[in-house]
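Shown here: start35.cif, mmCIF, C-alpha atoms and all ligand atoms.
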```cif
data_input
loop_
_atom_site.group_PDB
_atom_site.id
_atom_site.type_symbol
_atom_site.label_atom_id
_atom_site.label_comp_id
_atom_site.auth_asym_id
_atom_site.auth_seq_id
_atom_site.Cartn_x
_atom_site.Cartn_y
_atom_site.Cartn_z
ATOM 1 C CA MET H 1 160.165 69.929 -8.856
ATOM 2 C CA ASP H 2 160.149 73.033 -11.055
ATOM 3 C CA PRO H 3 156.814 74.670 -11.764
ATOM 4 C CA LEU H 4 155.022 73.090 -14.710
ATOM 5 C CA PRO H 5 155.339 74.781 -18.146
ATOM 6 C CA VAL H 6 151.830 76.268 -17.994
ATOM 7 C CA VAL H 7 150.459 79.242 -19.918
ATOM 8 C CA ARG H 8 147.045 80.560 -18.849
ATOM 9 C CA MET H 9 144.925 81.947 -21.693
ATOM 10 C CA PRO H 10 141.715 83.719 -20.579
ATOM 11 C CA ILE H 11 139.201 83.365 -23.426
ATOM 12 C CA PRO H 12 135.949 85.383 -23.632
ATOM 13 C CA THR H 13 132.588 83.621 -23.248
ATOM 14 C CA PRO H 14 129.064 84.983 -23.844
ATOM 15 C CA PHE H 15 128.142 83.917 -20.275
ATOM 16 C CA ALA H 16 127.864 85.930 -17.063
ATOM 17 C CA VAL H 17 130.942 84.185 -15.672
ATOM 18 C CA GLY H 18 133.168 86.140 -18.094
ATOM 19 C CA ASP H 19 136.404 84.635 -19.392
ATOM 20 C CA VAL H 20 137.195 80.945 -19.169
ATOM 21 C CA ASN H 21 140.783 79.780 -18.740
ATOM 22 C CA VAL H 22 142.410 77.594 -21.348
ATOM 23 C CA TYR H 23 145.711 76.191 -20.067
ATOM 24 C CA VAL H 24 148.456 75.305 -22.490
ATOM 25 C CA LEU H 25 151.076 72.812 -21.361
ATOM 26 C CA ARG H 26 154.153 73.754 -23.335
ATOM 27 C CA ALA H 27 155.563 70.260 -23.387
ATOM 28 C CA GLU H 28 155.487 67.257 -25.679
ATOM 29 C CA PRO H 29 152.843 66.448 -26.771
ATOM 30 C CA LEU H 30 151.398 69.987 -26.968
ATOM 31 C CA THR H 31 148.245 69.867 -24.821
ATOM 32 C CA ILE H 32 145.482 72.209 -23.667
ATOM 33 C CA ILE H 33 143.158 71.829 -20.718
ATOM 34 C CA ASP H 34 139.631 73.063 -21.629
ATOM 35 C CA THR H 35 138.842 74.945 -24.830
ATOM 36 C CA GLY H 36 136.503 77.952 -24.557
ATOM 37 C CA THR H 37 133.080 78.176 -26.208
ATOM 38 C CA ALA H 38 131.952 77.239 -29.715
ATOM 39 C CA THR H 39 132.076 80.873 -30.881
ATOM 40 C CA ILE H 40 134.162 82.792 -33.425
ATOM 41 C CA ASP H 41 135.244 85.178 -30.649
ATOM 42 C CA ALA H 42 136.672 82.311 -28.625
ATOM 43 C CA GLU H 43 138.403 80.770 -31.614
ATOM 44 C CA ASN H 44 140.014 84.084 -32.574
ATOM 45 C CA ALA H 45 141.078 84.828 -29.009
ATOM 46 C CA LEU H 46 142.689 81.399 -28.688
ATOM 47 C CA LYS H 47 144.416 81.767 -32.065
ATOM 48 C CA LEU H 48 145.856 85.131 -30.965
ATOM 49 C CA ALA H 49 146.941 83.837 -27.562
ATOM 50 C CA PHE H 50 148.690 80.915 -29.282
ATOM 51 C CA ALA H 51 150.379 83.287 -31.756
ATOM 52 C CA ARG H 52 151.681 85.395 -28.851
ATOM 53 C CA GLU H 53 153.383 82.243 -27.573
ATOM 54 C CA GLY H 54 154.761 81.452 -31.024
ATOM 55 C CA LEU H 55 152.344 78.510 -31.304
ATOM 56 C CA PHE H 56 149.714 77.440 -33.814
ATOM 57 C CA LEU H 57 146.396 75.770 -33.113
ATOM 58 C CA GLU H 58 147.258 73.324 -35.891
ATOM 59 C CA ALA H 59 150.166 72.033 -33.762
ATOM 60 C CA LEU H 60 147.864 70.984 -30.928
ATOM 61 C CA ARG H 61 148.123 67.253 -30.165
ATOM 62 C CA ARG H 62 145.874 66.744 -27.156
ATOM 63 C CA ILE H 63 142.816 68.372 -25.547
ATOM 64 C CA VAL H 64 141.751 67.454 -22.011
ATOM 65 C CA VAL H 65 138.251 68.522 -20.916
ATOM 66 C CA THR H 66 137.538 69.002 -17.182
ATOM 67 C CA HIS H 67 133.755 68.886 -17.583
ATOM 68 C CA ALA H 68 131.055 69.017 -20.254
ATOM 69 C CA HIS H 69 129.963 72.657 -19.880
ATOM 70 C CA PRO H 70 129.975 74.743 -23.066
ATOM 71 C CA ASP H 71 132.699 77.150 -21.913
ATOM 72 C CA HIS H 72 135.017 74.211 -21.176
ATOM 73 C CA TYR H 73 134.513 71.900 -24.170
ATOM 74 C CA GLY H 74 132.493 73.845 -26.788
ATOM 75 C CA LEU H 75 135.397 74.680 -29.099
ATOM 76 C CA ALA H 76 136.797 71.128 -29.041
ATOM 77 C CA PRO H 77 135.143 69.905 -32.299
ATOM 78 C CA ARG H 78 136.520 72.928 -34.172
ATOM 79 C CA LEU H 79 140.006 72.459 -32.696
ATOM 80 C CA VAL H 80 139.958 68.790 -33.693
ATOM 81 C CA GLU H 81 139.044 69.862 -37.215
ATOM 82 C CA LEU H 82 142.030 72.257 -37.302
ATOM 83 C CA SER H 83 144.638 70.079 -35.632
ATOM 84 C CA GLY H 84 143.495 66.468 -35.500
ATOM 85 C CA ALA H 85 144.221 66.568 -31.747
ATOM 86 C CA GLU H 86 143.126 63.715 -29.505
ATOM 87 C CA VAL H 87 140.359 64.676 -27.021
ATOM 88 C CA LEU H 88 140.161 63.177 -23.531
ATOM 89 C CA VAL H 89 137.087 63.549 -21.324
ATOM 90 C CA GLY H 90 136.250 62.102 -17.896
ATOM 91 C CA GLU H 91 134.242 58.898 -18.228
ATOM 92 C CA GLY H 92 131.338 60.491 -16.325
ATOM 93 C CA GLU H 93 131.050 63.356 -18.832
ATOM 94 C CA ILE H 94 131.686 61.579 -22.094
ATOM 95 C CA GLU H 95 128.056 60.782 -22.874
ATOM 96 C CA LYS H 96 127.173 64.468 -22.365
ATOM 97 C CA VAL H 97 129.690 65.668 -24.977
ATOM 98 C CA ARG H 98 128.731 62.847 -27.361
ATOM 99 C CA SER H 99 125.040 63.700 -27.242
ATOM 100 C CA GLY H 100 125.459 67.459 -26.754
ATOM 101 C CA ALA H 101 122.995 67.060 -23.870
ATOM 102 C CA MET H 102 122.090 70.262 -22.111
ATOM 103 C CA TRP H 103 122.335 70.618 -18.406
ATOM 104 C CA TRP H 104 118.884 72.116 -18.098
ATOM 105 C CA GLU H 105 117.059 69.279 -19.851
ATOM 106 C CA LEU H 106 115.481 68.235 -16.627
ATOM 107 C CA GLY H 107 111.729 68.410 -17.279
ATOM 108 C CA ARG H 108 110.274 66.581 -14.310
ATOM 109 C CA VAL H 109 112.887 67.768 -11.817
ATOM 110 C CA LEU H 110 112.168 71.412 -12.698
ATOM 111 C CA VAL H 111 108.402 70.945 -12.499
ATOM 112 C CA GLU H 112 108.782 69.271 -9.094
ATOM 113 C CA ALA H 113 110.989 72.147 -7.978
ATOM 114 C CA GLY H 114 108.011 74.443 -8.598
ATOM 115 C CA MET H 115 109.564 76.218 -11.607
ATOM 116 C CA PRO H 116 106.651 78.257 -13.055
ATOM 117 C CA TYR H 117 105.370 77.410 -16.528
ATOM 118 C CA GLU H 118 106.435 80.751 -18.025
ATOM 119 C CA VAL H 119 110.014 80.245 -16.829
ATOM 120 C CA LEU H 120 110.081 76.758 -18.387
ATOM 121 C CA MET H 121 108.745 78.236 -21.653
ATOM 122 C CA GLU H 122 111.383 80.953 -21.558
ATOM 123 C CA MET H 123 114.038 78.265 -21.117
ATOM 124 C CA ALA H 124 112.611 76.259 -24.024
ATOM 125 C CA ALA H 125 112.699 79.367 -26.232
ATOM 126 C CA ARG H 126 116.414 79.634 -25.609
ATOM 127 C CA ALA H 127 117.055 75.998 -26.442
ATOM 128 C CA PRO H 128 118.226 76.551 -30.073
ATOM 129 C CA GLU H 129 120.874 79.048 -28.930
ATOM 130 C CA ALA H 130 121.904 76.747 -26.086
ATOM 131 C CA ARG H 131 122.051 73.867 -28.561
ATOM 132 C CA ARG H 132 124.637 75.743 -30.666
ATOM 133 C CA MET H 133 126.727 76.136 -27.527
ATOM 134 C CA HIS H 134 126.628 72.358 -26.855
ATOM 135 C CA PRO H 135 128.104 70.838 -30.016
ATOM 136 C CA ARG H 136 128.358 67.089 -30.344
ATOM 137 C CA LEU H 137 131.872 65.772 -29.925
ATOM 138 C CA GLU H 138 132.504 62.326 -31.374
ATOM 139 C CA GLY H 139 135.489 60.095 -30.799
ATOM 140 C CA ALA H 140 136.700 61.432 -27.431
ATOM 141 C CA GLY H 141 138.684 59.046 -25.219
ATOM 142 C CA ALA H 142 137.493 58.362 -21.661
ATOM 143 C CA LEU H 143 139.596 59.164 -18.588
ATOM 144 C CA ALA H 144 139.180 57.211 -15.347
ATOM 145 C CA GLU H 145 140.313 57.812 -11.755
ATOM 146 C CA GLY H 146 144.093 57.344 -11.477
ATOM 147 C CA ASP H 147 144.815 57.547 -15.210
ATOM 148 C CA ARG H 148 148.024 59.375 -16.083
ATOM 149 C CA ILE H 149 148.359 61.931 -18.835
ATOM 150 C CA GLU H 150 151.999 61.589 -19.820
ATOM 151 C CA PHE H 151 154.306 64.392 -20.951
ATOM 152 C CA GLU H 152 158.005 64.414 -21.578
ATOM 153 C CA GLY H 153 159.361 64.915 -18.035
ATOM 154 C CA PHE H 154 156.153 64.780 -15.972
ATOM 155 C CA SER H 155 152.624 63.455 -15.875
ATOM 156 C CA LEU H 156 149.227 64.619 -14.664
ATOM 157 C CA GLU H 157 147.061 62.283 -12.623
ATOM 158 C CA VAL H 158 143.330 62.194 -13.252
ATOM 159 C CA GLY H 159 141.009 62.440 -10.241
ATOM 160 C CA MET H 160 137.206 62.373 -10.157
ATOM 161 C CA PHE H 161 135.814 65.347 -8.236
ATOM 162 C CA PRO H 162 132.039 65.265 -8.723
ATOM 163 C CA GLY H 163 130.024 68.258 -7.550
ATOM 164 C CA HIS H 164 129.903 71.117 -10.051
ATOM 165 C CA THR H 165 129.045 68.350 -12.550
ATOM 166 C CA GLY H 166 128.670 64.627 -11.945
ATOM 167 C CA GLY H 167 131.789 63.559 -13.847
ATOM 168 C CA HIS H 168 134.075 66.545 -13.230
ATOM 169 C CA ILE H 169 137.783 65.673 -13.326
ATOM 170 C CA CYS H 170 140.783 67.528 -11.918
ATOM 171 C CA LEU H 171 144.402 66.963 -12.963
ATOM 172 C CA TYR H 172 147.145 66.754 -10.334
ATOM 173 C CA GLU H 173 150.937 66.819 -10.413
ATOM 174 C CA SER H 174 152.133 65.693 -6.993
ATOM 175 C CA GLY H 175 155.809 66.762 -7.284
ATOM 176 C CA SER H 176 154.852 70.447 -7.519
ATOM 177 C CA GLY H 177 151.473 70.236 -5.755
ATOM 178 C CA THR H 178 149.788 71.609 -8.876
ATOM 179 C CA LEU H 179 146.080 71.094 -9.492
ATOM 180 C CA PHE H 180 144.083 71.981 -12.598
ATOM 181 C CA ALA H 181 140.713 72.336 -10.919
ATOM 182 C CA GLY H 182 138.265 73.259 -13.683
ATOM 183 C CA ASP H 183 135.218 74.681 -11.883
ATOM 184 C CA THR H 184 135.765 72.652 -8.703
ATOM 185 C CA LEU H 185 137.714 75.519 -7.089
ATOM 186 C CA LEU H 186 137.307 79.134 -8.216
ATOM 187 C CA PRO H 187 138.981 82.201 -6.687
ATOM 188 C CA ALA H 188 136.127 84.725 -6.568
ATOM 189 C CA ILE H 189 132.920 82.692 -6.385
ATOM 190 C CA THR H 190 131.866 79.427 -4.823
ATOM 191 C CA PRO H 191 131.215 76.907 -7.615
ATOM 192 C CA ASN H 192 127.542 76.252 -8.105
ATOM 193 C CA PRO H 193 126.588 72.586 -7.742
ATOM 194 C CA ILE H 194 124.605 72.330 -10.954
ATOM 195 C CA LEU H 195 121.302 70.498 -11.200
ATOM 196 C CA GLU H 196 121.751 67.460 -13.442
ATOM 197 C CA PRO H 197 119.739 64.405 -14.313
ATOM 198 C CA ASP H 198 121.026 61.289 -12.577
ATOM 199 C CA PRO H 199 121.781 58.589 -15.173
ATOM 200 C CA GLU H 200 121.184 55.965 -12.473
ATOM 201 C CA ALA H 201 117.778 57.331 -11.445
ATOM 202 C CA PRO H 202 115.569 58.067 -14.468
ATOM 203 C CA GLY H 203 113.587 61.262 -13.884
ATOM 204 C CA GLY H 204 115.701 61.955 -10.823
ATOM 205 C CA ARG H 205 118.619 64.242 -10.175
ATOM 206 C CA ARG H 206 122.111 64.081 -8.855
ATOM 207 C CA ARG H 207 122.826 65.004 -5.221
ATOM 208 C CA SER H 208 125.294 67.625 -6.391
ATOM 209 C CA LEU H 209 126.229 69.405 -3.155
ATOM 210 C CA VAL H 210 126.478 66.167 -1.184
ATOM 211 C CA GLN H 211 128.969 65.007 -3.833
ATOM 212 C CA TYR H 212 130.726 68.369 -3.859
ATOM 213 C CA LEU H 213 131.283 68.397 -0.086
ATOM 214 C CA GLU H 214 132.888 64.941 -0.401
ATOM 215 C CA SER H 215 135.151 66.289 -3.145
ATOM 216 C CA LEU H 216 136.095 69.235 -0.897
ATOM 217 C CA ALA H 217 137.083 66.802 1.865
ATOM 218 C CA ARG H 218 139.320 64.979 -0.592
ATOM 219 C CA LEU H 219 140.924 68.271 -1.699
ATOM 220 C CA GLU H 220 141.500 69.277 1.936
ATOM 221 C CA ALA H 221 143.596 66.118 2.401
ATOM 222 C CA MET H 222 145.803 66.820 -0.653
ATOM 223 C CA ASP H 223 149.081 68.758 -0.789
ATOM 224 C CA LEU H 224 148.006 71.736 -2.919
ATOM 225 C CA GLN H 225 150.622 74.411 -3.611
ATOM 226 C CA ILE H 226 149.020 76.057 -6.605
ATOM 227 C CA VAL H 227 145.584 75.642 -8.157
ATOM 228 C CA TYR H 228 144.771 76.650 -11.724
ATOM 229 C CA PRO H 229 141.007 77.280 -11.801
ATOM 230 C CA GLY H 230 138.614 77.251 -14.756
ATOM 231 C CA HIS H 231 137.948 80.975 -14.305
ATOM 232 C CA GLY H 232 140.096 83.738 -12.765
ATOM 233 C CA GLU H 233 143.649 83.986 -11.478
ATOM 234 C CA PRO H 234 145.697 81.098 -10.107
ATOM 235 C CA ILE H 235 145.027 80.317 -6.429
ATOM 236 C CA SER H 236 148.226 80.584 -4.404
ATOM 237 C CA ASP H 237 146.761 79.693 -0.981
ATOM 238 C CA PRO H 238 144.415 76.757 -1.653
ATOM 239 C CA PRO H 239 143.903 75.793 2.040
ATOM 240 C CA ALA H 240 142.581 79.312 2.820
ATOM 241 C CA LEU H 241 140.151 79.075 -0.098
ATOM 242 C CA LEU H 242 138.936 75.650 1.050
ATOM 243 C CA ARG H 243 138.279 77.041 4.547
ATOM 244 C CA SER H 244 136.271 79.938 3.088
ATOM 245 C CA TYR H 245 134.159 77.447 1.061
ATOM 246 C CA ARG H 246 133.338 75.512 4.221
ATOM 247 C CA ARG H 247 132.212 78.697 5.971
ATOM 248 C CA HIS H 248 130.144 79.726 2.944
ATOM 249 C CA HIS H 249 128.308 76.402 2.794
ATOM 250 C CA VAL H 250 127.523 76.393 6.515
ATOM 251 C CA ARG H 251 126.130 79.957 6.310
ATOM 252 C CA ARG H 252 124.063 79.216 3.196
ATOM 253 C CA ALA H 253 122.632 76.024 4.708
ATOM 254 C CA ASP H 254 121.684 77.920 7.891
ATOM 255 C CA ARG H 255 119.998 80.630 5.823
ATOM 256 C CA ILE H 256 117.906 78.118 3.852
ATOM 257 C CA ALA H 257 117.029 76.218 7.034
ATOM 258 C CA SER H 258 115.787 79.487 8.550
ATOM 259 C CA MET H 259 113.438 80.028 5.582
ATOM 260 C CA LEU H 260 111.640 76.719 6.086
ATOM 261 C CA ASP H 261 108.272 76.701 7.812
ATOM 262 C CA ALA H 262 105.826 74.018 8.916
ATOM 263 C CA GLY H 263 103.658 74.367 5.785
ATOM 264 C CA GLY H 264 106.352 73.775 3.174
ATOM 265 C CA LYS H 265 107.702 75.663 0.164
ATOM 266 C CA THR H 266 108.944 74.619 -3.267
ATOM 267 C CA ALA H 267 112.614 74.974 -4.140
ATOM 268 C CA PHE H 268 111.616 77.757 -6.541
ATOM 269 C CA GLN H 269 109.869 79.702 -3.762
ATOM 270 C CA ILE H 270 112.868 79.384 -1.480
ATOM 271 C CA ALA H 271 115.279 80.346 -4.276
ATOM 272 C CA THR H 272 113.188 83.401 -5.178
ATOM 273 C CA GLN H 273 113.063 84.466 -1.538
ATOM 274 C CA MET H 274 116.848 84.098 -1.303
ATOM 275 C CA TYR H 275 117.618 85.799 -4.615
ATOM 276 C CA PRO H 276 114.793 88.138 -5.670
ATOM 277 C CA ASP H 277 115.107 89.871 -9.087
ATOM 278 C CA ARG H 278 117.211 87.309 -10.866
ATOM 279 C CA GLY H 279 117.300 86.758 -14.624
ATOM 280 C CA LEU H 280 116.453 83.464 -16.292
ATOM 281 C CA ALA H 281 119.841 81.720 -16.243
ATOM 282 C CA ASP H 282 120.349 82.911 -12.680
ATOM 283 C CA ARG H 283 116.921 81.641 -11.634
ATOM 284 C CA PHE H 284 117.918 78.196 -12.855
ATOM 285 C CA LEU H 285 121.205 78.440 -10.939
ATOM 286 C CA ALA H 286 119.405 79.691 -7.824
ATOM 287 C CA VAL H 287 116.992 76.724 -7.881
ATOM 288 C CA SER H 288 119.928 74.437 -8.566
ATOM 289 C CA GLU H 289 121.817 75.711 -5.544
ATOM 290 C CA THR H 290 118.746 75.683 -3.303
ATOM 291 C CA LEU H 291 117.917 72.047 -4.110
ATOM 292 C CA ALA H 292 121.556 71.117 -3.552
ATOM 293 C CA HIS H 293 121.504 72.644 -0.046
ATOM 294 C CA LEU H 294 118.143 71.050 0.741
ATOM 295 C CA ASP H 295 119.689 67.600 0.077
ATOM 296 C CA VAL H 296 122.336 68.352 2.698
ATOM 297 C CA LEU H 297 119.740 69.707 5.166
ATOM 298 C CA ILE H 298 117.584 66.581 4.706
ATOM 299 C CA ASP H 299 120.616 64.352 5.390
ATOM 300 C CA ALA H 300 121.241 66.363 8.560
ATOM 301 C CA GLY H 301 117.603 65.993 9.692
ATOM 302 C CA ARG H 302 117.027 69.753 9.320
ATOM 303 C CA ALA H 303 114.478 69.570 6.464
ATOM 304 C CA GLN H 304 111.797 67.244 5.110
ATOM 305 C CA ALA H 305 110.671 66.718 1.524
ATOM 306 C CA VAL H 306 106.944 66.117 0.996
ATOM 307 C CA PRO H 307 105.472 65.409 -2.459
ATOM 308 C CA SER H 308 102.310 67.435 -2.898
ATOM 309 C CA GLY H 309 100.211 67.903 -6.051
ATOM 310 C CA GLY H 310 103.032 67.318 -8.566
ATOM 311 C CA VAL H 311 105.626 69.430 -6.753
ATOM 312 C CA ILE H 312 107.902 68.706 -3.821
ATOM 313 C CA LEU H 313 107.488 70.860 -0.729
ATOM 314 C CA PHE H 314 110.331 71.336 1.729
ATOM 315 C CA ARG H 315 109.438 72.029 5.333
ATOM 316 C CA ARG H 316 110.837 72.213 8.832
ATOM 317 C CA PRO H 317 110.718 68.783 10.472
ATOM 318 C CA GLY H 318 107.703 68.737 12.790
HETATM 319 ZN ZN ZN H 401 133.034 77.179 -16.197
#
```

Write the structure described by the file as structure tokens, please.
Amino acid sequence: MDPLPVVRMPIPTPFAVGDVNVYVLRAEPLTIIDTGTATIDAENALKLAFAREGLFLEALRRIVVTHAHPDHYGLAPRLVELSGAEVLVGEGEIEKVRSGAMWWELGRVLVEAGMPYEVLMEMAARAPEARRMHPRLEGAGALAEGDRIEFEGFSLEVGMFPGHTGGHICLYESGSGTLFAGDTLLPAITPNPILEPDPEAPGGRRRSLVQYLESLARLEAMDLQIVYPGHGEPISDPPALLRSYRRHHVRRADRIASMLDAGGKTAFQIATQMYPDRGLADRFLAVSETLAHLDVLIDAGRAQAVPSGGVILFRRPG
């Protein structure tokens, strides 16, 4: 099959990751995948990118969201206001966009991870700004595994690929081996399995890297010719990227295992040892990644978790 009628539009974000990709499918009905952030800069950039294609935001008919992070869905309410477009979100993410829930609202999990009080306070101080970036989105439709998003001449199949977030979806066109991967596969960096509350375990958290490694196994079994990621250039050799992810995760797990001792350390201590001198957002991501790897090490019998005085200590099995 011919390549899909895709236009990539990199849109600026206020985050360290840089631009986020909005993909326009120039087919009927006119559809975008992901939106950019809820900022004037993003709206103007998208308007301009549309104009360059001879398109108008008002003509948009459908918005598909890969996951409920602010760079991927934040502009959706504004775009709906302009165009009346239908919004579709994976069923595992829909409650997050409805409530505008923030991914760092994790009180107990962060305390147990040993996050110091002043870091928690610093995070709380940023909550109003973060809140603006997580607008509530009402009336979105839910997408489930195997659903088809129909276009004139082709369709995209919805797949659940939890990991980066718990309800992350990717969109696949099997005739051309095309995958819209959101933040499940990225060209320059390994996606961070983000700490998230687990809706099924109140006060608990999702086993994000365990889920992500399962998603990677599923991707390895697919025929992928071209991957359109949530950030950066299209990926023309997906199998090579998947192999490099595997190597990265093995190395990182070995490194964390080597930091464990018999006495035990909190996830925050391990994260700080691994990434000294990190800023606030990065400290959260570092703890997130460390906990995610510790889950995998525990499953492999290479680490133990011991509750101790309100925190959880991770130690070498004795
Ligand atoms: Zn992203």

Could you tell me, counting only C-alpha atoms and all ligand atoms, which protein and nucleic acid residues lie no more than 9 Å from ligand ZN 401 (chain H), written as a PyMOL selection string?
chain H and resi 17+19-21+67+69-72+182-183+191+230-231

Specify as number ranges by chain each residue included when the PyMOL selection byres (((chain H and resi 179) around 8) and not hetatm) is applied to this file.
H: 170-173, 177-178, 180-181, 224, 226-228

Create the file for the chosen residues now, containing C-alpha atoms and written as a CSV table (one decimal), in the frame of the given file.
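Writing done, so here's again.csv:
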```csv
chain,number,residue,atom,x,y,z
H,170,CYS,CA,140.8,67.5,-11.9
H,171,LEU,CA,144.4,67.0,-13.0
H,172,TYR,CA,147.1,66.8,-10.3
H,173,GLU,CA,150.9,66.8,-10.4
H,177,GLY,CA,151.5,70.2,-5.8
H,178,THR,CA,149.8,71.6,-8.9
H,180,PHE,CA,144.1,72.0,-12.6
H,181,ALA,CA,140.7,72.3,-10.9
H,224,LEU,CA,148.0,71.7,-2.9
H,226,ILE,CA,149.0,76.1,-6.6
H,227,VAL,CA,145.6,75.6,-8.2
H,228,TYR,CA,144.8,76.6,-11.7
```

Apply the PyMOL selection byres (((chain H and resi 136-153) around 7) and not hetatm) to the file shown and report the selected residues as a PDB file with C-alpha atoms, keeping the file's coordinate frame.
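Dumped everything to expr26.pdb:
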```pdb
ATOM      1  CA  ALA H  27     155.563  70.260 -23.387  1.00  0.00           C
ATOM      2  CA  GLU H  28     155.487  67.257 -25.679  1.00  0.00           C
ATOM      3  CA  PRO H  29     152.843  66.448 -26.771  1.00  0.00           C
ATOM      4  CA  PRO H  77     135.143  69.905 -32.299  1.00  0.00           C
ATOM      5  CA  VAL H  87     140.359  64.676 -27.021  1.00  0.00           C
ATOM      6  CA  LEU H  88     140.161  63.177 -23.531  1.00  0.00           C
ATOM      7  CA  VAL H  89     137.087  63.549 -21.324  1.00  0.00           C
ATOM      8  CA  GLY H  90     136.250  62.102 -17.896  1.00  0.00           C
ATOM      9  CA  GLU H  91     134.242  58.898 -18.228  1.00  0.00           C
ATOM     10  CA  ILE H  94     131.686  61.579 -22.094  1.00  0.00           C
ATOM     11  CA  VAL H  97     129.690  65.668 -24.977  1.00  0.00           C
ATOM     12  CA  ARG H  98     128.731  62.847 -27.361  1.00  0.00           C
ATOM     13  CA  SER H  99     125.040  63.700 -27.242  1.00  0.00           C
ATOM     14  CA  GLY H 100     125.459  67.459 -26.754  1.00  0.00           C
ATOM     15  CA  HIS H 134     126.628  72.358 -26.855  1.00  0.00           C
ATOM     16  CA  PRO H 135     128.104  70.838 -30.016  1.00  0.00           C
ATOM     17  CA  PHE H 154     156.153  64.780 -15.972  1.00  0.00           C
ATOM     18  CA  SER H 155     152.624  63.455 -15.875  1.00  0.00           C
ATOM     19  CA  LEU H 156     149.227  64.619 -14.664  1.00  0.00           C
ATOM     20  CA  GLU H 157     147.061  62.283 -12.623  1.00  0.00           C
ATOM     21  CA  VAL H 158     143.330  62.194 -13.252  1.00  0.00           C
ATOM     22  CA  GLY H 159     141.009  62.440 -10.241  1.00  0.00           C
ATOM     23  CA  MET H 160     137.206  62.373 -10.157  1.00  0.00           C
TER      24      MET H 160
END
```

List the spatial neighbours of Glu112 in chain H as a list in words - criterion: any atom at most 10 Å away, only C-alpha atoms, same-chain residues fewer than 2 positions off excluded.
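What passes the distance filter is Gly107, Arg108, Val109, Leu110, Gly114, Met115, Thr266, Ala267, Phe268, Pro307, Ser308, Gly309, Gly310, Val311, Ile312 and Leu313 of chain H.
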
Quick one: axis-aligned box around all listed atoms of range 149-168 of chain H, 4 Å on every side, centre and edge lengths in Å to one decimal, written as AutoDock Vina command-line options.
```
--center_x 144.0 --center_y 66.4 --center_z -14.6 --size_x 38.7 --size_y 17.5 --size_z 22.0
```

Using only C-alpha atoms, which protein or nucleic acid residues come within 8 Å of Asp34 in chain H? Drop anything in the same chain fewer than 3 positions from it, and give the result as a list in words.
Asn21, Val22, Tyr23, Ile63, Val64, Val65, Thr66, His72 and Tyr73 of chain H

Atomic distance CA of His293 in chain H - CA of Pro238 in chain H, expressed in Å with one decimal
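Going from CA of His293 in chain H over to CA of Pro238 in chain H covers 23.3 Å.
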
Explicit residue set for the PyMOL selection byres (((chain H and resi 218) around 12) and not hetatm), as a VMD selection string:
chain H and resid 159 to 162 170 184 211 to 217 219 to 224 242

What's around Val210 in chain H at 8 Å? Count only C-alpha atoms, leave out sequence neighbours fewer than 6 positions away in its own chain, and write the answer as JSON, numbers by chain.
{"H": [163, 292, 295, 296]}

With distances taken over only C-alpha atoms, which residue among H:Gly54, H:Val250, H:Gly92, H:Gly36 lies nearest Arg78 in chain H?
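Closest candidate: H:Gly36.
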